[in-house]
Amino acid sequence: MGEQKQQPARASRRRGALRTAPIPLPIPAAPPSPTWEDAVRRWALQGQHRAEGTVRRERGILAWLRPHLAGFRLVDISRHTIDAIRAAKLEEGAGPRSANYVAGIVQTIMAAAADWGWIERAPRIKPLKLPPARVRWLTREEANALLDQLRQPLRDMAELTLLTGLRWSNVSGLKWTHVDLRAGLIAVSAREMKGRAGLCLPITPRLRRILDGRRGQHATWVFSTAGKRLQRPPHETWYGALRRLGLEDFRWHDLRHTWASWHAQRGTPMLVLQQAGGWKSASMVNRYAHLDTRTLAVHATAFEAELGPEFAQNGVQGELFTSNPHPDAL
């Protein structure tokens, strides 16, 4: 009797497992003469394994590439083809970093095609040299002035960025399922993070005030306008505020740079900052290390104290050299 009662439960569990298990997508067979479009279609099937923000950006790049590579057979795409595509991106006014990114997408898909056995090898080109990493940040006075110029929900989004360092995609994509007000945590999954590592942030009093003010405005999104998620900062609201304040060469992502710069200035350890910012490597966070003058001052003072009070107290009297100095002194 007990066995008969368990059978429906087991069947129910099996049906539930089938419903929740990921359905493997069919891998297309190699076409006789694969084209760029064939490779892009197969590459798109791998999008489920990459961060959502990365997938969205790649879609935009692939849409831009479509007229440049439409109808191309993979065997006809050479390093000269990729170089010409990168040059076209530069002619549009893009910087070397963006041009390298576009060329990198082409090279990555071609490398995948080589792994699939569709071509013998993928063409490679050297990336363009990049200028030193750009770090643009605001003073606290500038940040307060900027917040005062922004309308909601952009004001709350900007303040949350200054408090957490989250990227735009994570702020605009913040859901109530990410927020646990009782535990005092914001948890973002690895799939939604650019660095492919999950992030857990404490809800500070200022963050709690922002989140409490947003409750009840949308069932899914923490930040919304007209019942929808914001895909990008409203152009006139954001750039209008920058113009009124005279803030030049400033982008939304620079709010993240501002957050990291403030942390560095107050002496937050670089390892802690790396973890809080969701950076994969220390090289990304080291660009802020020079701003940590507080920690440097502590070590410099301790170093000087170890030299002792007698160091350099007597000084050098008279001329530095005699009229007939020893050759080794020169």
# chains A, B, ... in the order shown; residues from 1 in each chain; ligands from 1

call {"tool": "residues_around", "arguments": {"residues": "region 127-134 of chain A", "least_positions_apart": "3", "cutoff": "10 Å", "atoms": "only C-alpha atoms", "output": "list in words"}}
result
Asp83, Arg86, Gly95, Pro96, Arg97, Ala99, Asn100, Tyr101, Ala103, Gly104, Arg124, Trp137, Asp254, His257, Met284 and Arg287 of chain A

call {"tool": "write_last_selection", "arguments": {"atoms": "N, CA and C atoms", "output": "PDB file, in the first residue's frame"}}
result
ATOM      1  N   ASP A  83      40.771  43.225 -40.788  1.00  0.00           N
ATOM      2  CA  ASP A  83      41.445  44.518 -40.675  1.00  0.00           C
ATOM      3  C   ASP A  83      40.606  45.616 -41.320  1.00  0.00           C
ATOM      4  N   ARG A  86      37.730  46.474 -39.022  1.00  0.00           N
ATOM      5  CA  ARG A  86      38.184  47.309 -37.907  1.00  0.00           C
ATOM      6  C   ARG A  86      38.417  48.752 -38.364  1.00  0.00           C
ATOM      7  N   GLY A  95      36.702  54.413 -30.978  1.00  0.00           N
ATOM      8  CA  GLY A  95      38.072  54.378 -30.485  1.00  0.00           C
ATOM      9  C   GLY A  95      38.716  53.032 -30.747  1.00  0.00           C
ATOM     10  N   PRO A  96      40.016  52.928 -30.504  1.00  0.00           N
ATOM     11  CA  PRO A  96      40.714  51.656 -30.746  1.00  0.00           C
ATOM     12  C   PRO A  96      40.190  50.513 -29.895  1.00  0.00           C
ATOM     13  N   ARG A  97      39.719  50.804 -28.686  1.00  0.00           N
ATOM     14  CA  ARG A  97      39.195  49.727 -27.829  1.00  0.00           C
ATOM     15  C   ARG A  97      37.937  49.114 -28.441  1.00  0.00           C
ATOM     16  N   ALA A  99      37.052  49.271 -31.628  1.00  0.00           N
ATOM     17  CA  ALA A  99      37.431  48.612 -32.890  1.00  0.00           C
ATOM     18  C   ALA A  99      38.045  47.243 -32.620  1.00  0.00           C
ATOM     19  N   ASN A 100      38.873  47.154 -31.593  1.00  0.00           N
ATOM     20  CA  ASN A 100      39.455  45.857 -31.223  1.00  0.00           C
ATOM     21  C   ASN A 100      38.380  44.873 -30.787  1.00  0.00           C
ATOM     22  N   TYR A 101      37.370  45.387 -30.093  1.00  0.00           N
ATOM     23  CA  TYR A 101      36.295  44.517 -29.616  1.00  0.00           C
ATOM     24  C   TYR A 101      35.523  43.917 -30.789  1.00  0.00           C
ATOM     25  N   ALA A 103      36.643  43.500 -33.902  1.00  0.00           N
ATOM     26  CA  ALA A 103      37.523  42.528 -34.558  1.00  0.00           C
ATOM     27  C   ALA A 103      37.630  41.259 -33.729  1.00  0.00           C
ATOM     28  N   GLY A 104      37.616  41.408 -32.400  1.00  0.00           N
ATOM     29  CA  GLY A 104      37.699  40.237 -31.523  1.00  0.00           C
ATOM     30  C   GLY A 104      36.495  39.335 -31.639  1.00  0.00           C
ATOM     31  N   ARG A 124      44.035  35.659 -37.661  1.00  0.00           N
ATOM     32  CA  ARG A 124      44.338  36.467 -36.492  1.00  0.00           C
ATOM     33  C   ARG A 124      45.007  37.767 -36.909  1.00  0.00           C
ATOM     34  N   TRP A 137      36.470  60.472 -12.560  1.00  0.00           N
ATOM     35  CA  TRP A 137      35.643  60.376 -11.376  1.00  0.00           C
ATOM     36  C   TRP A 137      35.257  61.766 -10.880  1.00  0.00           C
ATOM     37  N   ASP A 254      31.286  56.068 -15.547  1.00  0.00           N
ATOM     38  CA  ASP A 254      32.227  56.791 -14.687  1.00  0.00           C
ATOM     39  C   ASP A 254      31.696  56.928 -13.258  1.00  0.00           C
ATOM     40  N   HIS A 257      33.531  54.243 -11.743  1.00  0.00           N
ATOM     41  CA  HIS A 257      34.904  54.690 -11.489  1.00  0.00           C
ATOM     42  C   HIS A 257      34.946  55.601 -10.252  1.00  0.00           C
ATOM     43  N   MET A 284      42.572  45.029 -13.102  1.00  0.00           N
ATOM     44  CA  MET A 284      41.472  45.960 -13.338  1.00  0.00           C
ATOM     45  C   MET A 284      41.309  46.953 -12.192  1.00  0.00           C
ATOM     46  N   ARG A 287      44.224  50.122 -11.263  1.00  0.00           N
ATOM     47  CA  ARG A 287      44.210  51.470 -11.842  1.00  0.00           C
ATOM     48  C   ARG A 287      43.814  52.528 -10.809  1.00  0.00           C
TER      49      ARG A 287
END

call {"tool": "select_by_dssp", "arguments": {"residues": "region 92-255 of chain A", "states": "strand (DSSP E or B)", "output": "number ranges by chain"}}
result
A: 175, 179-180, 185-188, 199-202, 221, 225, 228

call {"tool": "write_last_selection", "arguments": {"atoms": "N, CA, C and O atoms", "output": "PDB file, in the first residue's frame"}}
result
ATOM      1  N   LYS A 175      16.294  43.197  -9.963  1.00  0.00           N
ATOM      2  CA  LYS A 175      14.939  42.705  -9.706  1.00  0.00           C
ATOM      3  C   LYS A 175      14.722  42.575  -8.202  1.00  0.00           C
ATOM      4  O   LYS A 175      15.673  42.462  -7.425  1.00  0.00           O
ATOM      5  N   VAL A 179      16.839  41.137  -4.165  1.00  0.00           N
ATOM      6  CA  VAL A 179      16.891  41.917  -2.927  1.00  0.00           C
ATOM      7  C   VAL A 179      16.279  41.125  -1.780  1.00  0.00           C
ATOM      8  O   VAL A 179      15.143  40.643  -1.878  1.00  0.00           O
ATOM      9  N   ASP A 180      17.033  41.002  -0.695  1.00  0.00           N
ATOM     10  CA  ASP A 180      16.522  40.377   0.535  1.00  0.00           C
ATOM     11  C   ASP A 180      16.651  41.411   1.651  1.00  0.00           C
ATOM     12  O   ASP A 180      17.694  41.530   2.301  1.00  0.00           O
ATOM     13  N   LEU A 185      20.687  41.985   2.137  1.00  0.00           N
ATOM     14  CA  LEU A 185      21.628  41.630   1.079  1.00  0.00           C
ATOM     15  C   LEU A 185      21.021  41.863  -0.298  1.00  0.00           C
ATOM     16  O   LEU A 185      19.812  41.703  -0.502  1.00  0.00           O
ATOM     17  N   ILE A 186      21.885  42.222  -1.250  1.00  0.00           N
ATOM     18  CA  ILE A 186      21.559  42.217  -2.678  1.00  0.00           C
ATOM     19  C   ILE A 186      22.435  41.152  -3.313  1.00  0.00           C
ATOM     20  O   ILE A 186      23.671  41.214  -3.212  1.00  0.00           O
ATOM     21  N   ALA A 187      21.833  40.167  -3.939  1.00  0.00           N
ATOM     22  CA  ALA A 187      22.583  39.056  -4.536  1.00  0.00           C
ATOM     23  C   ALA A 187      22.325  39.022  -6.033  1.00  0.00           C
ATOM     24  O   ALA A 187      21.176  38.944  -6.469  1.00  0.00           O
ATOM     25  N   VAL A 188      23.401  39.092  -6.824  1.00  0.00           N
ATOM     26  CA  VAL A 188      23.317  39.039  -8.283  1.00  0.00           C
ATOM     27  C   VAL A 188      24.021  37.766  -8.741  1.00  0.00           C
ATOM     28  O   VAL A 188      25.159  37.501  -8.321  1.00  0.00           O
ATOM     29  N   LEU A 199      27.731  38.053  -7.123  1.00  0.00           N
ATOM     30  CA  LEU A 199      28.076  39.172  -6.250  1.00  0.00           C
ATOM     31  C   LEU A 199      27.014  39.314  -5.167  1.00  0.00           C
ATOM     32  O   LEU A 199      25.816  39.246  -5.446  1.00  0.00           O
ATOM     33  N   CYS A 200      27.474  39.481  -3.937  1.00  0.00           N
ATOM     34  CA  CYS A 200      26.571  39.660  -2.802  1.00  0.00           C
ATOM     35  C   CYS A 200      26.975  40.941  -2.084  1.00  0.00           C
ATOM     36  O   CYS A 200      28.116  41.065  -1.621  1.00  0.00           O
ATOM     37  N   LEU A 201      26.053  41.914  -2.014  1.00  0.00           N
ATOM     38  CA  LEU A 201      26.348  43.219  -1.443  1.00  0.00           C
ATOM     39  C   LEU A 201      25.480  43.476  -0.213  1.00  0.00           C
ATOM     40  O   LEU A 201      24.283  43.162  -0.223  1.00  0.00           O
ATOM     41  N   PRO A 202      26.054  44.050   0.844  1.00  0.00           N
ATOM     42  CA  PRO A 202      25.239  44.395   2.024  1.00  0.00           C
ATOM     43  C   PRO A 202      24.360  45.607   1.741  1.00  0.00           C
ATOM     44  O   PRO A 202      24.768  46.526   1.026  1.00  0.00           O
ATOM     45  N   TRP A 221      10.809  44.788 -11.539  1.00  0.00           N
ATOM     46  CA  TRP A 221      12.001  45.638 -11.591  1.00  0.00           C
ATOM     47  C   TRP A 221      12.041  46.623 -10.427  1.00  0.00           C
ATOM     48  O   TRP A 221      11.034  47.245 -10.103  1.00  0.00           O
ATOM     49  N   THR A 225      10.233  52.814 -15.498  1.00  0.00           N
ATOM     50  CA  THR A 225       9.548  54.032 -15.912  1.00  0.00           C
ATOM     51  C   THR A 225       8.454  53.645 -16.888  1.00  0.00           C
ATOM     52  O   THR A 225       8.684  52.831 -17.795  1.00  0.00           O
ATOM     53  N   LYS A 228       8.062  49.953 -17.413  1.00  0.00           N
ATOM     54  CA  LYS A 228       9.066  49.169 -18.130  1.00  0.00           C
ATOM     55  C   LYS A 228      10.450  49.394 -17.545  1.00  0.00           C
ATOM     56  O   LYS A 228      10.724  50.414 -16.906  1.00  0.00           O
TER      57      LYS A 228
END
